[in-house]
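> See my_file.txt below, with compact mmCIF, C-alpha atoms.
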# COMPACT_ATOMS: atom_id res chain seq x y z
CA MET S 1 108.18 112.17 112.44
CA GLU S 2 109.84 109.47 110.37
CA VAL S 3 110.73 110.19 106.72
CA ILE S 4 111.19 107.38 104.20
CA ILE S 5 112.57 108.09 100.73
CA GLY S 6 111.90 105.65 97.90
CA LYS S 7 114.96 103.80 96.66
CA THR S 8 113.81 104.29 93.07
CA ALA S 9 112.90 107.98 93.48
CA GLY S 10 114.32 110.41 90.93
CA PHE S 11 115.87 110.34 87.48
CA CYS S 12 115.49 107.14 85.51
CA TYR S 13 118.37 105.99 83.31
CA GLY S 14 117.03 107.55 80.11
CA VAL S 15 116.36 110.98 81.62
CA LYS S 16 119.66 111.05 83.51
CA ARG S 17 121.51 110.15 80.32
CA ALA S 18 119.79 112.93 78.36
CA VAL S 19 120.22 115.66 81.02
CA GLU S 20 123.87 114.84 81.70
CA GLY S 21 124.48 114.61 77.95
CA ALA S 22 122.96 118.04 77.46
CA LYS S 23 125.17 119.55 80.15
CA GLU S 24 128.28 118.03 78.56
CA GLU S 25 127.31 119.39 75.13
CA LEU S 26 126.74 122.85 76.62
CA LYS S 27 130.28 122.85 77.99
CA LYS S 28 131.53 122.58 74.41
CA GLU S 29 129.21 125.18 72.89
CA GLN S 30 126.08 127.12 73.84
CA ASN S 31 124.30 127.31 70.51
CA ILE S 32 122.35 124.08 71.08
CA PHE S 33 118.63 123.61 70.68
CA GLY S 34 116.44 121.15 72.56
CA LEU S 35 113.50 119.77 70.58
CA GLY S 36 110.77 119.91 73.20
CA GLU S 37 111.46 120.15 76.93
CA ILE S 38 114.23 117.67 77.70
CA VAL S 39 112.49 116.66 80.91
CA HIS S 40 109.15 117.39 82.59
CA ASN S 41 110.72 119.45 85.34
CA GLN S 42 110.81 123.24 85.25
CA ASP S 43 113.78 123.52 87.62
CA VAL S 44 115.91 121.40 85.29
CA ILE S 45 114.68 123.32 82.22
CA LYS S 46 115.56 126.66 83.83
CA ASP S 47 119.03 125.42 84.74
CA LEU S 48 119.73 124.26 81.17
CA GLU S 49 118.41 127.51 79.72
CA GLU S 50 120.76 129.45 81.97
CA LYS S 51 123.60 127.30 80.67
CA GLY S 52 122.69 128.28 77.11
CA MET S 53 120.18 125.75 75.77
CA HIS S 54 117.29 127.00 73.62
CA PHE S 55 114.10 124.93 73.63
CA ILE S 56 112.02 124.75 70.45
CA ASP S 57 108.85 122.92 69.42
CA ASP S 58 109.62 122.44 65.73
CA ILE S 59 112.78 121.29 63.97
CA GLN S 60 112.20 124.13 61.49
CA GLU S 61 113.18 126.59 64.24
CA ALA S 62 116.64 125.06 64.66
CA LYS S 63 119.68 127.16 63.83
CA GLY S 64 122.35 124.86 65.18
CA LYS S 65 122.76 121.45 66.77
CA VAL S 66 119.52 119.90 68.03
CA LEU S 67 119.29 117.56 71.01
CA ILE S 68 116.57 114.91 70.99
CA ARG S 69 115.23 114.16 74.46
CA ALA S 70 114.67 110.75 76.04
CA HIS S 71 111.02 110.66 74.86
CA GLY S 72 112.15 110.36 71.25
CA VAL S 73 110.60 111.99 68.18
CA PRO S 74 108.54 111.01 65.11
CA LYS S 75 110.63 109.55 62.31
CA GLU S 76 109.80 112.54 60.11
CA VAL S 77 112.04 114.66 62.35
CA TYR S 78 115.09 112.66 61.24
CA GLU S 79 114.09 113.13 57.60
CA ASN S 80 113.50 116.89 57.99
CA ALA S 81 116.75 117.37 59.92
CA LYS S 82 118.62 115.70 57.06
CA LYS S 83 116.96 118.02 54.52
CA GLN S 84 117.82 121.07 56.62
CA GLN S 85 121.34 119.76 57.23
CA VAL S 86 120.75 120.04 60.98
CA GLU S 87 122.99 117.94 63.20
CA LEU S 88 121.03 115.82 65.67
CA ILE S 89 122.36 114.77 69.06
CA ASP S 90 120.12 111.80 69.77
CA TYR S 91 119.43 111.01 73.42
CA THR S 92 116.28 109.00 72.83
CA CYS S 93 116.03 106.43 75.62
CA PRO S 94 117.14 102.97 74.41
CA LYS S 95 113.86 101.56 75.78
CA VAL S 96 111.89 103.93 73.54
CA LEU S 97 114.06 103.15 70.52
CA ASN S 98 113.32 99.46 71.12
CA ILE S 99 109.57 100.17 70.99
CA HIS S 100 110.06 102.05 67.72
CA GLU S 101 111.85 99.03 66.25
CA ILE S 102 109.12 96.65 67.41
CA ALA S 103 106.36 98.88 66.02
CA GLN S 104 108.12 99.30 62.68
CA LYS S 105 108.75 95.56 62.30
CA TYR S 106 105.18 94.51 63.07
CA ALA S 107 103.67 97.33 61.01
CA ASN S 108 105.75 96.13 58.03
CA ASP S 109 104.43 92.61 58.67
CA GLY S 110 100.84 93.82 58.37
CA TYR S 111 99.81 93.98 62.02
CA PHE S 112 97.20 96.30 63.47
CA ILE S 113 98.84 97.97 66.49
CA PHE S 114 97.26 98.93 69.81
CA LEU S 115 99.43 101.40 71.73
CA LEU S 116 98.53 101.70 75.41
CA GLY S 117 99.11 105.23 76.69
CA ASN S 118 98.24 108.90 76.24
CA LYS S 119 98.03 109.80 72.55
CA ASN S 120 99.21 113.35 73.29
CA HIS S 121 102.31 112.30 75.21
CA PRO S 122 105.56 113.13 73.35
CA GLU S 123 106.79 109.54 73.57
CA ASN S 124 103.65 108.18 71.95
CA ILE S 125 103.57 110.84 69.25
CA GLY S 126 106.97 109.51 68.24
CA THR S 127 106.00 105.84 68.53
CA LEU S 128 102.83 106.27 66.46
CA SER S 129 104.90 107.39 63.47
CA PHE S 130 106.42 103.89 63.39
CA CYS S 131 103.08 102.06 63.66
CA GLY S 132 101.91 102.29 60.05
CA GLU S 133 98.32 103.05 59.03
CA ASN S 134 96.45 100.56 61.21
CA LYS S 135 96.83 101.76 64.79
CA TYR S 136 94.79 102.82 67.79
CA VAL S 137 95.76 104.40 71.12
CA ILE S 138 94.12 102.97 74.23
CA ASP S 139 94.38 105.40 77.13
CA LYS S 140 92.00 103.68 79.55
CA GLU S 141 90.19 100.40 80.06
CA GLU S 142 86.91 101.76 78.68
CA SER S 143 88.53 102.42 75.29
CA THR S 144 89.48 98.78 74.70
CA ILE S 145 86.19 97.64 73.18
CA LYS S 146 86.20 100.57 70.74
CA ALA S 147 89.74 99.64 69.75
CA LEU S 148 88.66 96.06 69.09
CA ASP S 149 85.79 97.37 66.94
CA MET S 150 88.30 99.35 64.90
CA LEU S 151 90.39 96.20 64.48
CA GLU S 152 87.36 94.22 63.27
CA LYS S 153 86.38 96.92 60.74
CA SER S 154 89.92 96.97 59.32
CA ASN S 155 89.73 93.24 58.39
CA VAL S 156 93.34 92.89 59.60
CA LYS S 157 93.85 89.47 61.18
CA LYS S 158 96.98 90.20 63.18
CA LEU S 159 97.24 92.38 66.29
CA LEU S 160 100.23 93.71 68.22
CA VAL S 161 99.76 95.29 71.67
CA ILE S 162 102.53 97.53 73.03
CA SER S 163 102.59 100.34 75.59
CA GLN S 164 104.11 103.63 76.60
CA THR S 165 107.16 103.04 78.80
CA THR S 166 105.52 104.83 81.73
CA PHE S 167 102.02 103.35 81.41
CA SER S 168 100.26 102.08 84.54
CA LEU S 169 101.17 98.43 85.11
CA GLU S 170 97.78 97.80 86.73
CA LYS S 171 95.93 99.23 83.71
CA PHE S 172 98.13 97.24 81.34
CA TYR S 173 97.11 93.94 82.94
CA ILE S 174 93.41 94.91 82.98
CA ILE S 175 93.44 95.90 79.29
CA GLU S 176 95.44 92.80 78.39
CA GLU S 177 92.76 90.63 80.03
CA ILE S 178 89.93 92.44 78.21
CA ILE S 179 91.66 91.97 74.86
CA LYS S 180 92.30 88.27 75.48
CA ASN S 181 88.66 87.73 76.48
CA GLU S 182 87.05 89.77 73.69
CA ILE S 183 89.29 89.32 70.65
CA PRO S 184 87.93 87.06 67.85
CA ARG S 185 89.60 83.64 67.72
CA ASP S 186 90.77 84.10 64.16
CA ILE S 187 93.02 87.04 65.12
CA GLU S 188 96.72 86.35 65.65
CA LEU S 189 97.57 88.16 68.89
CA VAL S 190 101.01 89.34 70.06
CA ILE S 191 101.28 91.24 73.36
CA LYS S 192 104.54 92.86 74.41
CA ASN S 193 104.76 94.57 77.77
CA THR S 194 107.01 97.50 76.84
CA ILE S 195 106.58 99.33 80.14
CA CYS S 196 110.07 100.20 81.36
CA GLN S 197 111.18 97.90 84.16
CA ALA S 198 112.27 100.93 86.18
CA THR S 199 108.70 102.25 85.90
CA GLU S 200 107.29 98.92 87.09
CA ILE S 201 109.63 98.82 90.09
CA ARG S 202 108.91 102.45 90.98
CA GLN S 203 105.13 101.92 90.84
CA LYS S 204 105.36 98.79 92.99
CA GLU S 205 107.59 100.52 95.55
CA THR S 206 105.17 103.47 95.69
CA GLU S 207 102.27 101.12 96.42
CA GLU S 208 104.18 99.24 99.13
CA MET S 209 105.35 102.46 100.75
CA ALA S 210 101.89 104.08 100.61
CA LYS S 211 100.45 101.17 102.60
CA LYS S 212 103.01 101.63 105.41
CA VAL S 213 102.88 105.40 105.97
CA ASP S 214 100.19 107.89 106.91
CA GLY S 215 101.29 110.45 104.33
CA MET S 216 102.84 110.31 100.84
CA LEU S 217 104.63 113.14 99.08
CA ILE S 218 105.02 112.73 95.33
CA ILE S 219 107.47 115.19 93.83
CA GLY S 220 107.65 115.84 90.12
CA GLY S 221 106.44 118.00 87.24
CA LYS S 222 102.69 118.45 86.86
CA ASN S 223 103.04 117.57 83.17
CA SER S 224 104.91 114.33 83.95
CA SER S 225 102.96 111.21 82.98
CA ASN S 226 104.93 108.84 85.19
CA THR S 227 104.60 111.19 88.19
CA GLN S 228 100.82 111.26 87.66
CA LYS S 229 100.79 107.46 87.88
CA LEU S 230 102.74 107.54 91.16
CA TYR S 231 100.31 110.07 92.62
CA ASP S 232 97.31 107.97 91.56
CA ILE S 233 98.84 104.93 93.27
CA ALA S 234 99.70 106.86 96.44
CA LYS S 235 96.21 108.37 96.62
CA LYS S 236 94.65 104.93 96.32
CA HIS S 237 96.65 103.36 99.14
CA CYS S 238 97.40 106.20 101.57
CA PRO S 239 95.08 108.50 103.58
CA VAL S 240 97.14 111.59 102.71
CA ALA S 241 98.74 111.97 99.27
CA ILE S 242 100.20 115.27 98.07
CA TRP S 243 101.73 116.05 94.66
CA ILE S 244 104.25 118.91 94.53
CA GLU S 245 106.78 120.06 91.94
CA ASN S 246 109.42 121.19 94.43
CA ALA S 247 110.08 121.85 98.12
CA GLU S 248 108.67 125.38 97.90
CA GLU S 249 105.18 123.96 97.29
CA LEU S 250 105.22 121.75 100.40
CA PRO S 251 102.09 122.48 102.51
CA ILE S 252 103.57 122.17 106.01
CA GLU S 253 100.16 122.45 107.67
CA LYS S 254 99.00 119.26 105.95
CA ILE S 255 101.88 117.07 107.08
CA GLU S 256 103.15 118.46 110.40
CA ARG S 257 100.93 116.15 112.48
CA LEU S 258 101.79 112.99 110.53
CA SER S 259 104.01 110.37 112.15
CA LYS S 260 105.45 108.64 109.08
CA ILE S 261 105.92 110.20 105.64
CA GLY S 262 106.96 108.54 102.42
CA ILE S 263 108.63 110.44 99.58
CA MET S 264 108.58 109.21 96.00
CA ALA S 265 109.75 111.18 92.99
CA GLY S 266 109.01 110.87 89.30
CA ALA S 267 111.57 109.90 86.68
CA SER S 268 111.98 113.58 85.74
CA THR S 269 112.87 114.76 89.25
CA PRO S 270 116.56 115.46 90.04
CA LYS S 271 118.15 114.28 93.29
CA GLU S 272 118.65 117.89 94.35
CA SER S 273 114.88 118.41 94.48
CA ILE S 274 114.42 115.32 96.65
CA ASP S 275 117.21 116.44 99.00
CA GLU S 276 115.71 119.92 99.31
CA LEU S 277 112.31 118.44 100.17
CA GLU S 278 113.75 116.16 102.84
CA GLU S 279 115.73 119.05 104.34
CA LYS S 280 112.65 121.26 104.50
CA ILE S 281 110.63 118.56 106.25
CA ARG S 282 113.39 118.05 108.82
CA ARG S 283 113.78 121.79 109.36
CA GLU S 284 110.08 122.69 109.50
CA CYS S 285 108.52 119.60 111.07
CA ILE S 286 111.11 117.55 112.92
CA GLU S 287 113.69 119.92 114.42
CA ARG S 288 111.06 122.44 115.49
CA ASN S 289 109.30 119.77 117.52
Translate this file's structure into structure tokens.

Amino acid sequence: MEVIIGKTAGFCYGVKRAVEGAKEELKKEQNIFGLGEIVHNQDVIKDLEEKGMHFIDDIQEAKGKVLIRAHGVPKEVYENAKKQQVELIDYTCPKVLNIHEIAQKYANDGYFIFLLGNKNHPENIGTLSFCGENKYVIDKEESTIKALDMLEKSNVKKLLVISQTTFSLEKFYIIEEIIKNEIPRDIELVIKNTICQATEIRQKETEEMAKKVDGMLIIGGKNSSNTQKLYDIAKKHCPVAIWIENAEELPIEKIERLSKIGIMAGASTPKESIDELEEKIRRECIERN
């Protein structure tokens, strides 16, 4: 059995920066709160909790310093923290902060904003707070026409299209084409592909790898949006695609007869988890045979 590990597998820059930053802060003091799970990976969360971090869902629960994760937060959080005199340690990914700036600028200029992504994802909840009153979240291709109807009813003649950093590149291009074909000619259209380049590269590598192997293992949190995208891609292009959160979940019986396995990990998956998975495959499937 041959095992291939994706070159882009594991922590992206923003997540790595936030997790390492949290660990450094915890060396100084343990009374630190994380606003929302810092990363969609339960192993990482457990490790940080053991080091002294307390995770909360509302800034009102904070009793000390509060760390903002890579996903970012709604702008009201900054205002409330100031009122409560809570010190924020901001590890919002620079890519996300850039989207906030774009959204704020175009909202101030009177644009209707389409945000491509999951409206319930933490990143988008933050981004929407910078989009002004005229906004609509498009989560799938089928929602595009409804979004355009909302635009027409608003009588706004300017449209900005942006996306979640981890949105599917394939879906982005499909929705972009629908908008260009269906939008009224009197609407000023601005489209900015704000998908993180690391996400694009990771999705492309997953597709290329899935076409060359007879089994794909996607490792990452089940609540991770970007990991879901990788699994969807792998499933589309490979006969066997399995999504696990860690090495313990690996179903040996489903992969032991495969000849070539590809491993790709989401942006929230630490290198240790990837190493443990590779070691288990070698121990259980390769060395035994």
> Under the rule of at most 12 Å, produce a per-residue listing of segment 27-50 of chain S near segment 91-105 of chain S: chain, number, name, the closest pair of atoms, and the distance in Å, as a tab-separated table, using all atoms listed in the file.

residue	atom	partner	partner_atom	distance
S:Gly34	CA	S:Tyr91	CA	10.6
S:Leu35	CA	S:Tyr91	CA	11.0
S:Ile38	CA	S:Tyr91	CA	9.5
S:Val39	CA	S:Tyr91	CA	11.7
> How many Å separate atom CA of Arg257 of chain S from atom CA of Cys285 of chain S?
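The value is 8.5 Å.
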> Tell me, as an MDAnalysis selection string, which residues lie within 6 Å of segment 61-77 of chain S, counting all atoms listed in the file; anything in the same chain fewer than 3 positions away does not count.
chainID S and resid 14:15 32:35 38 58 80:81 87:93 123 126 129
> By how many Å are atom CA of Ile263 of chain S and atom CA of Glu278 of chain S apart?
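Between atom CA of Ile263 of chain S and atom CA of Glu278 of chain S the gap works out to 8.3 Å.
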> Provide the atom CA of Asp214 of chain S to atom CA of Lys236 of chain S distance in Å, to one decimal place.
12.3 Å
> For segment 141-144 of chain S, please output as a JSON list (two decimals) with C-alpha atoms, in the frame of the given file all residues within 10 Å (counting all atoms listed in the file; exclusion window: fewer than 6 positions along the same chain).

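Listed below is the output, out_28.json:
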[["chain", "number", "residue", "atom", "x", "y", "z"],
["S", 114, "PHE", "CA", 97.26, 98.93, 69.81],
["S", 116, "LEU", "CA", 98.53, 101.70, 75.41],
["S", 150, "MET", "CA", 88.30, 99.35, 64.90],
["S", 171, "LYS", "CA", 95.93, 99.23, 83.71],
["S", 172, "PHE", "CA", 98.13, 97.24, 81.34],
["S", 173, "TYR", "CA", 97.11, 93.94, 82.94],
["S", 174, "ILE", "CA", 93.41, 94.91, 82.98],
["S", 175, "ILE", "CA", 93.44, 95.90, 79.29],
["S", 176, "GLU", "CA", 95.44, 92.80, 78.39],
["S", 178, "ILE", "CA", 89.93, 92.44, 78.21],
["S", 179, "ILE", "CA", 91.66, 91.97, 74.86],
["S", 182, "GLU", "CA", 87.05, 89.77, 73.69]]
> For Ile261 of chain S, which of S:Met209, S:Lys204, S:Leu115, S:Cys12 is the closest residue, counting only C-alpha atoms?
S:Met209
> Calculated over only C-alpha atoms, which of the candidates S:Ile187, S:Ile4, S:Ile286, S:Ala267 has the smallest distance to Ser224 of chain S?
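Among the listed residues, the smallest separation from Ser224 of chain S belongs to S:Ala267.
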> May I ask which of the residues S:Glu205, S:Glu245, S:Glu279, S:Glu253 is the closest one to Gln42 of chain S, counting all atoms listed in the file?
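Answer, going by the shortest atom-to-atom distance: S:Glu245.
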> Do you know which residues are at most 12 Å from Arg202 of chain S counting only C-alpha atoms, after dropping those on the same chain fewer than 2 positions away, and could you put them as a PyMOL selection string?
chain S and resi 5-12+166-169+195-200+204-209+218+226-227+229-231+233-234+263-267
> Report as a PDB file with C-alpha atoms, in the frame of the given file all protein, DNA and RNA residues lying within 8 Å of segment 26-30 of chain S, evaluated on only C-alpha atoms, omitting residues in the same chain fewer than 6 positions from it.

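Now in out-v9.pdb:
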ATOM      1  CA  LYS S  51     123.600 127.300  80.670  1.00  0.00           C
ATOM      2  CA  GLY S  52     122.690 128.280  77.110  1.00  0.00           C
ATOM      3  CA  MET S  53     120.180 125.750  75.770  1.00  0.00           C
TER       4      MET S  53
END
